[in-house]
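Dumped model-v6.cif below, it's mmCIF, C-alpha atoms and all ligand atoms:
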data_data
loop_
_atom_site.group_PDB
_atom_site.id
_atom_site.type_symbol
_atom_site.label_atom_id
_atom_site.label_comp_id
_atom_site.auth_asym_id
_atom_site.auth_seq_id
_atom_site.Cartn_x
_atom_site.Cartn_y
_atom_site.Cartn_z
ATOM 1 C CA ARG A 291 -151.752 170.178 167.862
ATOM 2 C CA THR A 292 -154.312 167.571 168.877
ATOM 3 C CA ASN A 293 -152.629 164.521 167.342
ATOM 4 C CA LYS A 294 -150.218 162.360 169.339
ATOM 5 C CA ILE A 295 -146.518 162.059 168.583
ATOM 6 C CA ILE A 296 -144.039 159.513 169.939
ATOM 7 C CA ALA A 297 -140.381 160.269 169.173
ATOM 8 C CA ILE A 298 -137.793 157.482 169.300
ATOM 9 C CA ASP A 299 -134.124 158.344 168.941
ATOM 10 C CA GLY A 300 -130.948 156.461 169.610
ATOM 11 C CA TYR A 301 -127.825 154.828 168.251
ATOM 12 C CA SER A 302 -127.677 152.732 165.094
ATOM 13 C CA SER A 303 -129.210 149.252 165.264
ATOM 14 C CA CYS A 304 -130.725 149.627 168.710
ATOM 15 C CA GLY A 305 -134.027 148.163 167.620
ATOM 16 C CA LYS A 306 -135.721 151.543 167.250
ATOM 17 C CA SER A 307 -137.711 150.569 164.194
ATOM 18 C CA THR A 308 -138.797 147.210 165.644
ATOM 19 C CA LEU A 309 -140.167 148.912 168.736
ATOM 20 C CA ALA A 310 -141.641 151.810 166.746
ATOM 21 C CA LYS A 311 -143.516 149.408 164.450
ATOM 22 C CA ALA A 312 -144.865 147.391 167.379
ATOM 23 C CA LEU A 313 -146.032 150.565 169.101
ATOM 24 C CA ALA A 314 -147.652 151.950 165.971
ATOM 25 C CA LYS A 315 -149.506 148.688 165.447
ATOM 26 C CA LYS A 316 -150.642 148.475 169.059
ATOM 27 C CA LEU A 317 -151.818 152.114 169.199
ATOM 28 C CA GLY A 318 -153.059 152.495 165.635
ATOM 29 C CA TYR A 319 -150.545 155.230 164.880
ATOM 30 C CA LEU A 320 -148.667 155.819 161.655
ATOM 31 C CA TYR A 321 -145.038 154.649 161.723
ATOM 32 C CA VAL A 322 -142.460 156.834 159.975
ATOM 33 C CA ASP A 323 -138.875 155.621 159.537
ATOM 34 C CA SER A 324 -136.936 158.886 159.168
ATOM 35 C CA GLY A 325 -133.669 157.009 158.597
ATOM 36 C CA ALA A 326 -135.149 155.530 155.425
ATOM 37 C CA MET A 327 -135.569 159.071 154.092
ATOM 38 C CA TYR A 328 -131.887 159.899 154.672
ATOM 39 C CA ARG A 329 -130.993 156.576 153.085
ATOM 40 C CA ALA A 330 -133.088 157.378 149.998
ATOM 41 C CA VAL A 331 -131.393 160.773 149.649
ATOM 42 C CA THR A 332 -128.024 159.021 149.975
ATOM 43 C CA LEU A 333 -128.943 156.530 147.263
ATOM 44 C CA TYR A 334 -129.805 159.428 144.931
ATOM 45 C CA PHE A 335 -126.530 161.190 145.758
ATOM 46 C CA ILE A 336 -124.517 158.029 145.055
ATOM 47 C CA ARG A 337 -126.301 157.279 141.791
ATOM 48 C CA ASN A 338 -125.911 160.830 140.539
ATOM 49 C CA GLY A 339 -122.450 161.473 141.922
ATOM 50 C CA VAL A 340 -123.568 164.578 143.793
ATOM 51 C CA PRO A 341 -120.473 166.175 145.386
ATOM 52 C CA LEU A 342 -121.191 166.880 149.059
ATOM 53 C CA ASP A 343 -119.086 170.046 149.045
ATOM 54 C CA ASP A 344 -120.944 171.653 146.115
ATOM 55 C CA GLY A 345 -123.847 173.565 147.638
ATOM 56 C CA ARG A 346 -125.481 174.286 144.301
ATOM 57 C CA ARG A 347 -125.431 170.650 143.160
ATOM 58 C CA VAL A 348 -126.739 169.543 146.547
ATOM 59 C CA ALA A 349 -129.598 172.065 146.358
ATOM 60 C CA GLU A 350 -130.467 170.966 142.812
ATOM 61 C CA ALA A 351 -130.450 167.342 143.887
ATOM 62 C CA LEU A 352 -132.767 168.071 146.818
ATOM 63 C CA ASP A 353 -135.149 169.905 144.476
ATOM 64 C CA ASP A 354 -135.270 166.830 142.277
ATOM 65 C CA ILE A 355 -135.766 164.321 145.105
ATOM 66 C CA HIS A 356 -139.285 163.181 145.971
ATOM 67 C CA ILE A 357 -139.711 160.679 148.745
ATOM 68 C CA ASP A 358 -143.010 159.018 149.634
ATOM 69 C CA PHE A 359 -144.139 156.360 152.059
ATOM 70 C CA HIS A 360 -146.708 153.890 150.756
ATOM 71 C CA ILE A 361 -148.799 152.148 153.348
ATOM 72 C CA GLU A 362 -150.256 148.844 152.256
ATOM 73 C CA PRO A 363 -151.970 146.213 154.395
ATOM 74 C CA ASP A 364 -149.039 143.794 154.312
ATOM 75 C CA ARG A 365 -146.112 146.205 154.106
ATOM 76 C CA THR A 366 -144.999 149.808 154.028
ATOM 77 C CA TRP A 367 -142.547 150.811 151.357
ATOM 78 C CA ILE A 368 -140.641 153.920 150.389
ATOM 79 C CA SER A 369 -140.230 155.412 146.952
ATOM 80 C CA LEU A 370 -137.586 157.711 145.549
ATOM 81 C CA ASN A 371 -138.998 159.576 142.560
ATOM 82 C CA GLY A 372 -141.559 156.832 142.097
ATOM 83 C CA GLU A 373 -139.165 153.889 142.350
ATOM 84 C CA ASP A 374 -139.481 151.368 145.205
ATOM 85 C CA VAL A 375 -136.081 151.617 146.900
ATOM 86 C CA SER A 376 -137.000 149.840 150.158
ATOM 87 C CA ASP A 377 -134.469 147.035 149.681
ATOM 88 C CA GLU A 378 -131.749 149.010 147.938
ATOM 89 C CA ILE A 379 -131.407 151.561 150.743
ATOM 90 C CA ARG A 380 -130.542 148.742 153.220
ATOM 91 C CA GLN A 381 -127.468 147.723 151.232
ATOM 92 C CA MET A 382 -124.100 148.257 152.882
ATOM 93 C CA TYR A 383 -122.835 150.728 150.273
ATOM 94 C CA VAL A 384 -125.674 153.049 151.311
ATOM 95 C CA SER A 385 -125.101 152.465 155.054
ATOM 96 C CA ASP A 386 -121.431 153.325 154.556
ATOM 97 C CA PHE A 387 -122.214 156.792 153.166
ATOM 98 C CA VAL A 388 -125.510 157.783 154.783
ATOM 99 C CA SER A 389 -124.036 159.564 157.795
ATOM 100 C CA GLU A 390 -121.873 161.800 155.611
ATOM 101 C CA VAL A 391 -124.906 162.838 153.570
ATOM 102 C CA SER A 392 -127.089 163.240 156.676
ATOM 103 C CA ALA A 393 -124.620 165.670 158.214
ATOM 104 C CA LEU A 394 -125.367 168.272 155.508
ATOM 105 C CA ARG A 395 -127.473 171.158 156.692
ATOM 106 C CA ALA A 396 -129.449 171.452 153.444
ATOM 107 C CA VAL A 397 -130.312 167.754 153.507
ATOM 108 C CA ARG A 398 -131.524 167.927 157.110
ATOM 109 C CA LYS A 399 -133.577 171.053 156.441
ATOM 110 C CA ALA A 400 -135.443 169.361 153.598
ATOM 111 C CA MET A 401 -136.064 166.113 155.488
ATOM 112 C CA VAL A 402 -137.136 167.790 158.735
ATOM 113 C CA ALA A 403 -139.657 169.929 156.832
ATOM 114 C CA GLN A 404 -141.221 166.846 155.232
ATOM 115 C CA GLN A 405 -141.232 164.975 158.562
ATOM 116 C CA GLN A 406 -142.959 167.855 160.312
ATOM 117 C CA ARG A 407 -145.629 167.921 157.597
ATOM 118 C CA MET A 408 -146.266 164.204 158.162
ATOM 119 C CA GLY A 409 -146.700 164.793 161.870
ATOM 120 C CA ALA A 410 -148.874 167.900 161.507
ATOM 121 C CA ASP A 411 -152.214 166.159 161.910
ATOM 122 C CA LYS A 412 -151.713 162.421 162.314
ATOM 123 C CA ASP A 413 -150.913 160.270 165.339
ATOM 124 C CA ILE A 414 -147.413 159.029 164.591
ATOM 125 C CA VAL A 415 -144.434 157.155 165.912
ATOM 126 C CA MET A 416 -141.249 158.412 164.262
ATOM 127 C CA ASP A 417 -137.780 157.030 164.833
ATOM 128 C CA GLY A 418 -134.424 158.551 163.997
ATOM 129 C CA ARG A 419 -131.643 160.594 165.558
ATOM 130 C CA ASP A 420 -133.099 164.080 166.054
ATOM 131 C CA ILE A 421 -136.841 163.475 166.340
ATOM 132 C CA GLY A 422 -137.190 164.456 170.006
ATOM 133 C CA THR A 423 -134.672 167.295 169.779
ATOM 134 C CA THR A 424 -135.363 168.943 166.411
ATOM 135 C CA VAL A 425 -138.279 167.492 164.466
ATOM 136 C CA PHE A 426 -140.829 167.263 167.292
ATOM 137 C CA PRO A 427 -139.430 168.971 170.398
ATOM 138 C CA ASP A 428 -142.993 168.956 171.757
ATOM 139 C CA ALA A 429 -143.565 165.197 171.261
ATOM 140 C CA ASP A 430 -145.933 163.565 173.762
ATOM 141 C CA LEU A 431 -143.408 160.868 174.596
ATOM 142 C CA LYS A 432 -139.679 160.754 173.846
ATOM 143 C CA LEU A 433 -137.501 157.667 174.061
ATOM 144 C CA PHE A 434 -133.758 157.466 173.794
ATOM 145 C CA MET A 435 -132.659 153.930 172.956
ATOM 146 C CA THR A 436 -129.311 152.394 173.581
ATOM 147 C CA ALA A 437 -127.784 148.918 173.838
ATOM 148 C CA ASP A 438 -124.390 147.289 174.149
ATOM 149 C CA PRO A 439 -122.492 147.952 170.859
ATOM 150 C CA LYS A 440 -121.507 144.268 170.517
ATOM 151 C CA VAL A 441 -125.101 143.150 170.942
ATOM 152 C CA ARG A 442 -126.250 145.727 168.397
ATOM 153 C CA ALA A 443 -123.690 144.568 165.828
ATOM 154 C CA GLU A 444 -124.640 140.921 166.351
ATOM 155 C CA ARG A 445 -128.345 141.630 165.897
ATOM 156 C CA ARG A 446 -127.764 143.617 162.710
ATOM 157 C CA PHE A 447 -125.309 141.034 161.397
ATOM 158 C CA LEU A 448 -127.855 138.219 161.803
ATOM 159 C CA GLU A 449 -130.502 140.341 160.105
ATOM 160 C CA LEU A 450 -128.262 141.087 157.104
ATOM 161 C CA GLU A 451 -127.087 137.479 156.928
ATOM 162 C CA ARG A 452 -130.704 136.291 156.794
ATOM 163 C CA LYS A 453 -131.233 138.624 153.846
ATOM 164 C CA GLY A 454 -128.317 136.953 152.122
ATOM 165 C CA GLU A 455 -125.868 139.867 152.375
ATOM 166 C CA ASN A 456 -122.274 138.789 152.119
ATOM 167 C CA ILE A 457 -120.839 140.558 155.116
ATOM 168 C CA THR A 458 -118.770 139.933 158.268
ATOM 169 C CA LEU A 459 -119.626 140.780 161.857
ATOM 170 C CA GLU A 460 -116.517 142.969 161.905
ATOM 171 C CA GLU A 461 -117.758 145.061 158.966
ATOM 172 C CA VAL A 462 -121.129 145.559 160.619
ATOM 173 C CA PHE A 463 -119.488 146.588 163.895
ATOM 174 C CA GLU A 464 -117.259 149.088 162.071
ATOM 175 C CA ASN A 465 -120.198 150.573 160.172
ATOM 176 C CA LEU A 466 -122.212 151.092 163.364
ATOM 177 C CA ALA A 467 -119.255 152.684 165.162
ATOM 178 C CA HIS A 468 -118.576 154.926 162.161
ATOM 179 C CA ARG A 469 -122.187 156.099 161.924
ATOM 180 C CA ASP A 470 -122.564 156.634 165.660
ATOM 181 C CA TYR A 471 -119.386 158.706 165.661
ATOM 182 C CA ILE A 472 -120.496 160.989 162.820
ATOM 183 C CA ASP A 473 -124.103 161.166 164.047
ATOM 184 C CA THR A 474 -123.086 162.245 167.563
ATOM 185 C CA THR A 475 -120.345 164.690 166.573
ATOM 186 C CA ARG A 476 -121.876 166.521 163.595
ATOM 187 C CA GLN A 477 -122.696 170.243 163.784
ATOM 188 C CA GLU A 478 -126.296 170.004 162.581
ATOM 189 C CA SER A 479 -128.677 168.473 165.128
ATOM 190 C CA PRO A 480 -126.343 165.753 166.382
ATOM 191 C CA LEU A 481 -127.695 162.625 168.041
ATOM 192 C CA VAL A 482 -128.145 163.562 171.674
ATOM 193 C CA ARG A 483 -130.673 162.601 174.298
ATOM 194 C CA ALA A 484 -133.371 165.245 174.700
ATOM 195 C CA ALA A 485 -133.507 166.403 178.318
ATOM 196 C CA ASP A 486 -137.028 164.988 178.643
ATOM 197 C CA ALA A 487 -136.399 161.683 176.847
ATOM 198 C CA ILE A 488 -136.728 158.389 178.734
ATOM 199 C CA VAL A 489 -133.685 156.157 178.317
ATOM 200 C CA LEU A 490 -134.377 152.597 177.229
ATOM 201 C CA ASP A 491 -131.396 150.242 177.245
ATOM 202 C CA ASN A 492 -132.622 147.084 175.565
ATOM 203 C CA THR A 493 -129.464 144.974 175.789
ATOM 204 C CA ASP A 494 -131.332 142.447 177.947
ATOM 205 C CA LEU A 495 -134.961 143.103 176.972
ATOM 206 C CA ASN A 496 -137.021 141.182 174.455
ATOM 207 C CA GLU A 497 -139.508 142.875 172.129
ATOM 208 C CA GLN A 498 -142.492 142.273 174.382
ATOM 209 C CA GLU A 499 -140.681 143.728 177.384
ATOM 210 C CA GLN A 500 -139.702 146.826 175.421
ATOM 211 C CA LEU A 501 -143.250 147.356 174.223
ATOM 212 C CA GLN A 502 -144.538 147.032 177.779
ATOM 213 C CA PHE A 503 -141.884 149.476 179.035
ATOM 214 C CA VAL A 504 -143.297 152.123 176.709
ATOM 215 C CA LEU A 505 -146.977 151.341 177.225
ATOM 216 C CA ASP A 506 -146.433 151.729 180.984
ATOM 217 C CA ARG A 507 -145.216 155.278 180.352
ATOM 218 C CA LEU A 508 -147.989 156.503 178.076
HETATM 219 O O1 LIG A 601 -132.219 154.744 161.222
HETATM 220 P P1 LIG A 601 -131.121 154.348 160.258
HETATM 221 O O2 LIG A 601 -130.007 153.604 160.938
HETATM 222 O O3 LIG A 601 -131.630 153.645 159.057
HETATM 223 O O4 LIG A 601 -130.532 155.742 159.762
HETATM 224 C C1 LIG A 601 -129.475 155.801 158.825
HETATM 225 C C2 LIG A 601 -128.653 157.060 159.025
HETATM 226 O O5 LIG A 601 -129.455 158.204 158.707
HETATM 227 C C3 LIG A 601 -128.148 157.332 160.445
HETATM 228 O O6 LIG A 601 -126.921 156.683 160.719
HETATM 229 C C4 LIG A 601 -127.990 158.847 160.433
HETATM 230 O O7 LIG A 601 -126.761 159.229 159.837
HETATM 231 C C5 LIG A 601 -129.107 159.307 159.519
HETATM 232 N N1 LIG A 601 -130.285 159.779 160.233
HETATM 233 C C6 LIG A 601 -130.276 161.077 160.714
HETATM 234 N N2 LIG A 601 -131.381 161.596 161.313
HETATM 235 C C7 LIG A 601 -132.484 160.851 161.462
HETATM 236 C C8 LIG A 601 -132.515 159.505 161.016
HETATM 237 C C9 LIG A 601 -131.383 158.991 160.417
HETATM 238 O O8 LIG A 601 -129.275 161.773 160.589
HETATM 239 N N3 LIG A 601 -133.554 161.400 162.034
#
Translate the structure of the given file into structure tokens.
Ligand code: C5P
Amino acid sequence: RTNKIIAIDGYSSCGKSTLAKALAKKLGYLYVDSGAMYRAVTLYFIRNGVPLDDGRRVAEALDDIHIDFHIEPDRTWISLNGEDVSDEIRQMYVSDFVSEVSALRAVRKAMVAQQQRMGADKDIVMDGRDIGTTVFPDADLKLFMTADPKVRAERRFLELERKGENITLEEVFENLAHRDYIDTTRQESPLVRAADAIVLDNTDLNEQEQLQFVLDRL
């Protein structure tokens, strides 16, 4: 491999995607939001009532699912079987179910394969939960992000409120705790810091400081 890969993992709502986007822009790398892929799969499962305990139905669903990233000058969007689902996958009903769907081995296998293809020949920054451990164990730089859970919930709450979502801080806090619990305790590639990942706690760091923290380590 001659292309460069930066892997960013960490808990929910730690600012992974904000930092990943800033890095990608600064370095001219491609940014891939792996969580958006799991969210798109979850949206399909919800819409089609795919039972998580029915291996055959899950396999059929995965065969039918096609996810693409579309990079345009002003924005990057994600499609599920051709449909722009960028906004829909951020809705709370998807967030509430995504960790259950992401825990399935078959789902992870399919997503990891597609992620590895994307990183086969391009310089990329990818964020998620298992990028440094499973998707790209040989990444050039690995970050493990964390922040105070209350601060994370407040940041996400403000973001959702700005988008006009009718939601309470309590609900956001519960959703983050629920996802972190499932993500860290699941059998299949749980969220865990890779031995060679640099820890970045951004509770008290602004975006510029976080970007500089990473650039200093490249
Ligand atoms: O990154 P985001 O918070 O949008 O991810 C949504 C969910 O997708 C996570 O809570 C986790 O359950 C799952 N996910 C995962 N592996 C990844 C990225 C996301 O299991 N690499």
Query raised in the report: When the PyMOL selection byres (((chain A and resi 414-417) around 7) and not hetatm) is applied to the file above, which residues end up in the set, as a PyMOL selection string?
Result: chain A and resi 294-299+306-307+310+314+319-324+409+412-413+418+421
**Report entry** Answer as a ChimeraX atom specification, residues within 10 Å of (-135.9, 167.2, 144.5) using all atoms listed in the file
**Finding:** /A:331,334,348-357,370-371,400
Query raised in the report: For ligand LIG 601 (chain A), which residue out of A:Asp343, A:Asp470, A:Asp364, A:Glu378 is the nearest one, using only C-alpha atoms and all ligand atoms?
Result: A:Asp470
Query raised in the report: ligand LIG 601 (chain A): which residues are within 7 Å, counting all atoms listed in the file, as a PyMOL selection string?
Result: chain A and resi 302-303+323-326+328-329+385+388-390+392-393+417-421+469-470+473
Counting all atoms listed in the file, give me one row per residue of stretch 351-425 of chain A with an atom at most 9 Å from an atom of stretch 438-462 of chain A, showing the shortest contact pair and its distance in Å to one decimal, sorted by chain then residue number, as CSV.
residue,atom,partner,partner_atom,distance
A:Arg380,CA,A:Leu450,CA,8.9
A:Gln381,CA,A:Glu455,CA,8.1
A:Met382,CA,A:Glu455,CA,8.6
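Minimum atom-to-atom distance to A:Leu501, evaluated using only C-alpha atoms, belongs to A:Ala312 out of A:Ala312, A:Cys304, A:Ala467, A:Val425.
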Query - A:Leu508, A:Asp386, A:Val397, A:Lys311 ranked by distance to A:His468, top pick (using all atoms listed in the file) - result: A:Asp386
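Going from atom CA of A:Ser376 to atom CA of A:Lys399 covers 22.4 Å.
The spacing separating atom CA of A:Ile379 from atom CA of A:Leu433 amounts to 24.9 Å.
In this structure, atom CA of A:Ala437 sits 25.1 Å away from atom CA of A:Asp377.
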Picked residues, the PyMOL selection byres (((chain A and resi 487) around 8) and not hetatm), expected as a CSV table (one decimal) with C-alpha atoms, keeping the file's coordinate frame:
chain,number,residue,atom,x,y,z
A,422,GLY,CA,-137.2,164.5,170.0
A,431,LEU,CA,-143.4,160.9,174.6
A,432,LYS,CA,-139.7,160.8,173.8
A,433,LEU,CA,-137.5,157.7,174.1
A,434,PHE,CA,-133.8,157.5,173.8
A,483,ARG,CA,-130.7,162.6,174.3
A,484,ALA,CA,-133.4,165.2,174.7
A,485,ALA,CA,-133.5,166.4,178.3
A,486,ASP,CA,-137.0,165.0,178.6
A,488,ILE,CA,-136.7,158.4,178.7
A,489,VAL,CA,-133.7,156.2,178.3
Requested in this report: Name the residues in contact with A:Asp491 at a cut-off of 6 Å, using only C-alpha atoms, excluding same-chain residues fewer than 2 positions from it; report them as a list in words.
Outcome: Met435, Thr436, Ala437 and Thr493 of chain A
Resulting file, chosen residues, C-alpha atoms, as an mmCIF file, in the frame of the given file:
data_model
loop_
_atom_site.group_PDB
_atom_site.id
_atom_site.type_symbol
_atom_site.label_atom_id
_atom_site.label_comp_id
_atom_site.auth_asym_id
_atom_site.auth_seq_id
_atom_site.Cartn_x
_atom_site.Cartn_y
_atom_site.Cartn_z
ATOM 1 C CA MET A 435 -132.659 153.930 172.956
ATOM 2 C CA THR A 436 -129.311 152.394 173.581
ATOM 3 C CA ALA A 437 -127.784 148.918 173.838
ATOM 4 C CA THR A 493 -129.464 144.974 175.789
#
Expected axis-aligned box over every listed atom of stretch 465-476 of chain A, 3 Å added per side, centre plus edges in Å to one decimal, as lines of an AutoDock Vina configuration file:
center_x = -121.3
center_y = 158.5
center_z = 163.9
size_x = 11.5
size_y = 21.9
size_z = 13.4
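Taking all atoms listed in the file into account, A:Asn496 lies nearest to A:Leu309 out of the set A:Leu466, A:Arg346, A:Gly300, A:Leu309.
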